[in-house]
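The structure under discussion appears below in the form of structure tokens.
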Amino acid sequence: MAQKLPALLSLVLLLVACGRDIHTPGRVADIPRPLAQAVESDAGKQILFGDLHVHTTYSMDAFEQGASFMQGEGLHPPADACDFARYCSQLDFWSINDHAVSITPQRWRDTGNSIRQCDAVSGDPLNPDMVSFLGWEWTQIGATSASHYGHKNVILKSLDDSEIPPRPIQAPPTPAQFNVELSAGSIVKDWLTRPFLDSANFTEHLENIRFNMATFMASACEEGIPTTELPLDCKEGATTPEDLFARLDSWTDDYLVIPHGNAWGLYTPPGGDWYKQLQPGNNHPRQRLIEVYSGHGNAEQYRSWRAVDYDGEGNGSCPLPADGFIPCCWQAGEIIRGQCTGPGSQDCERQVAAARQNFVDAGASGYLTMAGVATEEWLNCGQCPDCFLPAFDYRPGNSVQAALASTLFDEDGPQRFRFGLMASSDNHTARPGTGYKELRRIAMTEAAGPTRDWAETIAVDPPDVVSSLSPASVQATPRDVFNRDRVNSFFYTGGLVAVHSEGRDRDSIWQALDRREVYGTSGPRILLWFDLLAGNGEIARPMGGEMRTA
């Protein structure tokens with residue numbers, strides 16, 4: 001009996017982690033065949049569901065999110081993600097995608113070993129219960145649209161050490177994430193003061209400092225050395241997509257790069273577009289899929305309004321509200337107008353105009369230029385009023401529809417993206433496939449934040465009078481850069497990627513992803529076939545295929 005207790009305890013803990021709702025035997029993948037025949041689709045394929053965007057404790061933000069001072073429930077290493085995918089959300093496949101900037105050489109070795117162990121207990125390799133992929137996230141952020149390429153997940157087909165890069169390739173960390181610059185000194189000062197400002201969680205803050213210091217103390221790889229000749233114990237960086245693709249190509253052909261979150265205004269500068277990523281080198285045949293939905297919301301839909309208007313010389317100005325959309329720069333002016341002693345006067349209008357321009361000039365961190373403003377005073381500014389579960393502070397020029405409509409004309413002819421559309425979770429608590437059930441919002445989404453007691457302990461008293469500040473005068477700490485109260489309203493349980501696969505094995509799933517025979521859902525296991533039929537009723541092209549006709 002004593003030997004059975006650990007297994008019994010593990011089952012109880014798993015039931016709690018899964019929301020006490022373990023699914024009954026039988027998988028969605030067993031269902032579609034007769035339905036496929038009914039719609040004249042290829043009955044030799046089955047629909048499998050997965051999540052190709054999962055973070056664990058090895059991501060810096062996920063490590064902090066697991067702390068009790070952030071309403072977390074503890075650490076969640078890669079093994080937890082494996083168990084959740086297998087027993088809770090019952091996925092057919094998944095990948096790990098911790099932020100490369102957080103992955104030290106030792107963490108990369110540990111990640112690979114954990115994913116191999118997860119895959120080793122999947123049963124028959126030709127008919128496994130689940131396929132696990134290794135990967136990471138290249139997390140690039142620029143202060144301006146010209147320097148911003150956005151986030152991309154890298155997925156590797158093989159788990160063999162001899163066939164995978166010896167280290168994840170990161171976007172070099174930079175304080176240019178926001179126009180309100182954060183120096184390394186201010187970041188370290190913030191880390192070191194937290195344990196004393198929040199003494200009830202002293203030990204956890206120290207552990208967070210230890211994790212972060214280990215992350216940034218790892219030495220960077222020497223520049224100018226071919227990626228295949230670099231030592232194993234350094235952290236490798238790529239500043240542009242072209243650089244990332246070149247480094248990946250030197251190791252393997254079996255990889256996929258999946259952009260995501262390009263329409264999220266949380267870190268995406270206003271006014272961007274996809275054209276620079278169509279330039280030679282910045283797009284690549286292995287960039288075959290794009291994530292249209294995740295726990296951060298929908299990034300698919302295009303709209304004509306903008307958060308900021310730019311003239312031909314790149315000067316920004318605040319646009320008028322349109323089609324139900326309220327630019328946040330506009331609302332900043334309205335907030336100041338409400339504080340004027342003489343509304344409508346020339347002096348008041350100068351203050352309103354200055355507030356709007358300050359907001360524009362601060363880029364993605366414009367709200368930091370407004371001091372003493374309550375969250376509710378921002379109303380619904382920045383949000384897409386008629387989008388399905390939209391991402392926060394929406395950037396329609398960077399949406400998936402905008403990417404698919406983009407064309408770059410050069411000497412080689414028109415250049416366009418050829419994306420298969422998919423979805424995943426972007427979960428940061430090692431919970432792949434969180435959309436299987438709507439429960440436990442704090443645990444299942446990214447909506448966790450500082451506990452009220454801690455937030456009030458470290459908060460600076462807001463000024464009595466609302467005022468607008470120039471971007472140059474804003475003094476920000478790492479705690480300030482996220483508009484957390486508003487952002488948390490735009491976190492959802494995650495989406496799923498579905499594939500039409502000829503089998504359940506690794507090769508079959510990879511081939512389905514590679515030929516873009518995929519679709520995405522916001523969580524439900526929706527069964528979908530979308531084939532192009534020829535005149536005789538035969539399938540001319542499956543979903544994701546291409547053809548040219550007269």
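Residues are named by chain letter and number: chains run A, B, ... in the order of the structure tokens, numbers start at 1 in each chain, and ligands are numbered from 1 in the order shown.
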- Query: Residues at most 12 Å from Cys318 in chain A, counting only C-alpha atoms, excluding those fewer than 5 positions away in the same chain, as an MDAnalysis selection string?
  - Reply: chainID A and resid 270:271 305:311 326:333 352:361 363 366
So that I have them on file, write out the residues from the current selection with N, CA, C and O atoms, as a short mmCIF file (atom, residue, chain, number, x, y, z; two decimals), in the first residue's frame.
data_model
loop_
_atom_site.label_atom_id
_atom_site.label_comp_id
_atom_site.auth_asym_id
_atom_site.auth_seq_id
_atom_site.Cartn_x
_atom_site.Cartn_y
_atom_site.Cartn_z
N PRO A 270 3.13 51.63 -32.60
CA PRO A 270 2.07 51.98 -33.57
C PRO A 270 2.67 52.34 -34.92
O PRO A 270 3.81 52.79 -35.01
N GLY A 271 1.88 52.11 -35.96
CA GLY A 271 2.30 52.54 -37.29
C GLY A 271 3.11 51.54 -38.08
O GLY A 271 3.58 51.84 -39.17
N TRP A 305 -8.63 52.04 -39.34
CA TRP A 305 -8.21 53.07 -38.39
C TRP A 305 -6.80 52.78 -37.85
O TRP A 305 -6.30 51.66 -37.94
N ARG A 306 -6.18 53.80 -37.28
CA ARG A 306 -4.83 53.67 -36.73
C ARG A 306 -4.75 54.37 -35.38
O ARG A 306 -5.48 55.31 -35.10
N ALA A 307 -3.80 53.91 -34.56
CA ALA A 307 -3.57 54.53 -33.26
C ALA A 307 -2.81 55.84 -33.40
O ALA A 307 -2.95 56.75 -32.57
N VAL A 308 -1.99 55.95 -34.46
CA VAL A 308 -1.18 57.15 -34.73
C VAL A 308 -1.13 57.33 -36.24
O VAL A 308 -1.06 56.35 -36.99
N ASP A 309 -1.16 58.58 -36.70
CA ASP A 309 -0.96 58.90 -38.11
C ASP A 309 0.49 59.36 -38.32
O ASP A 309 1.03 60.10 -37.49
N TYR A 310 1.10 58.91 -39.43
CA TYR A 310 2.47 59.34 -39.75
C TYR A 310 2.48 59.99 -41.12
O TYR A 310 1.83 59.52 -42.05
N ASP A 311 3.25 61.09 -41.23
CA ASP A 311 3.38 61.74 -42.53
C ASP A 311 4.54 61.12 -43.31
O ASP A 311 5.16 60.15 -42.85
N ILE A 326 -11.38 54.60 -30.58
CA ILE A 326 -10.88 55.79 -29.89
C ILE A 326 -9.37 55.67 -29.74
O ILE A 326 -8.89 54.82 -28.97
N PRO A 327 -8.58 56.47 -30.45
CA PRO A 327 -7.13 56.44 -30.22
C PRO A 327 -6.81 56.86 -28.79
O PRO A 327 -7.41 57.80 -28.25
N CYS A 328 -5.89 56.16 -28.15
CA CYS A 328 -5.56 56.50 -26.76
C CYS A 328 -4.91 57.87 -26.65
O CYS A 328 -5.05 58.55 -25.63
N CYS A 329 -4.20 58.30 -27.70
CA CYS A 329 -3.65 59.66 -27.68
C CYS A 329 -4.78 60.68 -27.63
O CYS A 329 -4.68 61.72 -26.94
N TRP A 330 -5.87 60.39 -28.34
CA TRP A 330 -7.03 61.27 -28.32
C TRP A 330 -7.64 61.31 -26.91
O TRP A 330 -7.96 62.38 -26.39
N GLN A 331 -7.78 60.15 -26.31
CA GLN A 331 -8.37 60.09 -24.98
C GLN A 331 -7.49 60.79 -23.95
O GLN A 331 -8.00 61.38 -22.99
N ALA A 332 -6.16 60.75 -24.15
CA ALA A 332 -5.26 61.49 -23.24
C ALA A 332 -5.62 62.97 -23.25
O ALA A 332 -5.66 63.63 -22.20
N GLY A 333 -5.89 63.49 -24.45
CA GLY A 333 -6.29 64.90 -24.53
C GLY A 333 -7.62 65.17 -23.85
O GLY A 333 -7.80 66.20 -23.18
N VAL A 352 -4.36 70.26 -24.14
CA VAL A 352 -4.93 69.07 -24.76
C VAL A 352 -4.04 68.59 -25.91
O VAL A 352 -3.71 67.40 -26.02
N ALA A 353 -3.64 69.52 -26.78
CA ALA A 353 -2.80 69.17 -27.92
C ALA A 353 -1.44 68.63 -27.46
O ALA A 353 -0.91 67.67 -28.03
N ALA A 354 -0.87 69.25 -26.42
CA ALA A 354 0.42 68.80 -25.90
C ALA A 354 0.32 67.39 -25.33
O ALA A 354 1.22 66.55 -25.53
N ALA A 355 -0.78 67.10 -24.62
CA ALA A 355 -0.96 65.76 -24.04
C ALA A 355 -1.04 64.70 -25.14
O ALA A 355 -0.44 63.62 -25.02
N ARG A 356 -1.76 65.03 -26.22
CA ARG A 356 -1.87 64.07 -27.32
C ARG A 356 -0.53 63.84 -28.00
O ARG A 356 -0.17 62.70 -28.34
N GLN A 357 0.24 64.91 -28.19
CA GLN A 357 1.53 64.75 -28.85
C GLN A 357 2.53 64.02 -27.94
O GLN A 357 3.33 63.21 -28.43
N ASN A 358 2.50 64.29 -26.65
CA ASN A 358 3.37 63.56 -25.72
C ASN A 358 3.09 62.06 -25.79
O ASN A 358 4.00 61.23 -25.78
N PHE A 359 1.80 61.74 -25.85
CA PHE A 359 1.41 60.33 -25.93
C PHE A 359 1.95 59.69 -27.21
O PHE A 359 2.51 58.59 -27.19
N VAL A 360 1.79 60.39 -28.32
CA VAL A 360 2.28 59.88 -29.61
C VAL A 360 3.79 59.70 -29.58
O VAL A 360 4.33 58.67 -30.01
N ASP A 361 4.50 60.69 -29.06
CA ASP A 361 5.97 60.66 -29.07
C ASP A 361 6.53 59.56 -28.19
O ASP A 361 7.69 59.15 -28.39
N GLY A 363 5.52 56.51 -28.11
CA GLY A 363 5.40 55.21 -28.76
C GLY A 363 4.50 54.25 -28.01
O GLY A 363 3.40 54.60 -27.59
N GLY A 366 2.92 55.27 -24.35
CA GLY A 366 2.34 56.60 -24.24
C GLY A 366 1.58 56.84 -22.95
O GLY A 366 1.59 57.96 -22.41
#
- Selection: 7 Å around Pro259 in chain A, only C-alpha atoms, excl. self and same-chain fewer than 5 positions, as a list of chain:residue names: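 Listed by chain and then number, they are A:His151, A:Lys152, A:Asn153, A:Ile290, A:Glu291.
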Contact table range 245-291 of chain A vs range 513-533 of chain A, cut-off 10 Å, shortest pair per residue, only C-alpha atoms, as a Markdown table:
| residue | atom | partner | partner_atom | distance |
| --- | --- | --- | --- | --- |
| A:Asp254 | CA | A:Asp514 | CA | 9.4 |
| A:Tyr255 | CA | A:Asp514 | CA | 9.2 |
| A:Leu256 | CA | A:Asp514 | CA | 7.9 |
| A:Pro285 | CA | A:Asp514 | CA | 10.0 |
| A:Arg286 | CA | A:Asp514 | CA | 8.2 |
| A:Gln287 | CA | A:Asp514 | CA | 9.6 |
| A:Arg288 | CA | A:Arg516 | CA | 6.9 |
| A:Leu289 | CA | A:Arg516 | CA | 6.8 |
| A:Ile290 | CA | A:Gly520 | CA | 9.9 |
| A:Glu291 | CA | A:Gly520 | CA | 8.0 |
- Message: Let's see if you can do this: from backbone DSSP, list all alpha helix (DSSP H) residues in range 191-312 of chain A, as a VMD selection string.
- Response: chain A and resid 191 to 197 202 to 217 241 to 249
Please dump the current selection as a short mmCIF file (atom, residue, chain, number, x, y, z; two decimals), in the first residue's frame; keep C-alpha atoms.
data_model
loop_
_atom_site.label_atom_id
_atom_site.label_comp_id
_atom_site.auth_asym_id
_atom_site.auth_seq_id
_atom_site.Cartn_x
_atom_site.Cartn_y
_atom_site.Cartn_z
CA TRP A 191 15.05 43.62 -8.34
CA LEU A 192 17.14 44.43 -5.27
CA THR A 193 14.55 46.61 -3.54
CA ARG A 194 11.60 44.25 -3.97
CA PRO A 195 12.52 41.84 -1.12
CA PHE A 196 12.61 44.71 1.37
CA LEU A 197 9.45 46.40 0.11
CA PHE A 202 11.31 37.93 0.90
CA THR A 203 12.56 34.46 -0.06
CA GLU A 204 10.59 34.31 -3.30
CA HIS A 205 11.95 37.69 -4.38
CA LEU A 206 15.48 36.43 -3.72
CA GLU A 207 14.81 33.36 -5.82
CA ASN A 208 13.55 35.59 -8.63
CA ILE A 209 16.77 37.63 -8.40
CA ARG A 210 18.84 34.44 -8.50
CA PHE A 211 17.02 33.21 -11.61
CA ASN A 212 17.38 36.54 -13.40
CA MET A 213 21.05 36.91 -12.51
CA ALA A 214 21.79 33.41 -13.81
CA THR A 215 20.00 34.37 -17.02
CA PHE A 216 22.01 37.51 -17.67
CA MET A 217 25.36 36.30 -16.32
CA PRO A 241 14.82 37.55 -39.10
CA GLU A 242 17.42 37.24 -41.87
CA ASP A 243 20.10 36.56 -39.26
CA LEU A 244 17.86 34.07 -37.45
CA PHE A 245 17.10 32.11 -40.64
CA ALA A 246 20.78 32.01 -41.63
CA ARG A 247 21.80 30.61 -38.25
CA LEU A 248 19.05 28.00 -38.30
CA ASP A 249 19.93 26.96 -41.86
#
- Query: Pick from A:Trp264, A:Tyr58, A:Tyr492, A:Tyr87: nearest to Ile141 in chain A, with only C-alpha atoms counted?
  - Reply: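 So, comparing all the options, the nearest one is A:Trp264.
Distances to Leu439 in chain A were evaluated for A:Gly494, A:Gly420, A:Pro269, A:Gly397 using only C-alpha atoms, and the minimum falls at A:Gly494.
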- Query: Could you pull the residues within 9 Å of Gln339 in chain A, counting only C-alpha atoms, minus those fewer than 4 positions along the same chain, as a list of chain:residue names?
  - Reply: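 That gives A:Glu334, A:Ile335, A:Pro343, A:Cys348, A:Val465, A:Val466, A:Ser467.
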- Query: Separation of CA of Phe392 in chain A and CA of Glu376 in chain A, in Å?
  - Reply: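 Distance between the two atoms: 15.2 Å.
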- Smallest atom-to-atom distance to Ile225 in chain A: which of A:Gly237, A:Gly544, A:Gly72, A:Pro78, using only C-alpha atoms? A:Gly237
- Message: Can you tell me which residues surround range 127-135 of chain A at a distance of at most 9 Å, considering only C-alpha atoms, apart from same-chain residues fewer than 3 positions away, and format the answer as a ChimeraX atom specification?
- Response: /A:52-53,82,85-86,90-98,111-112,115-116,118-119,121-124,153-159,168,503-506,509
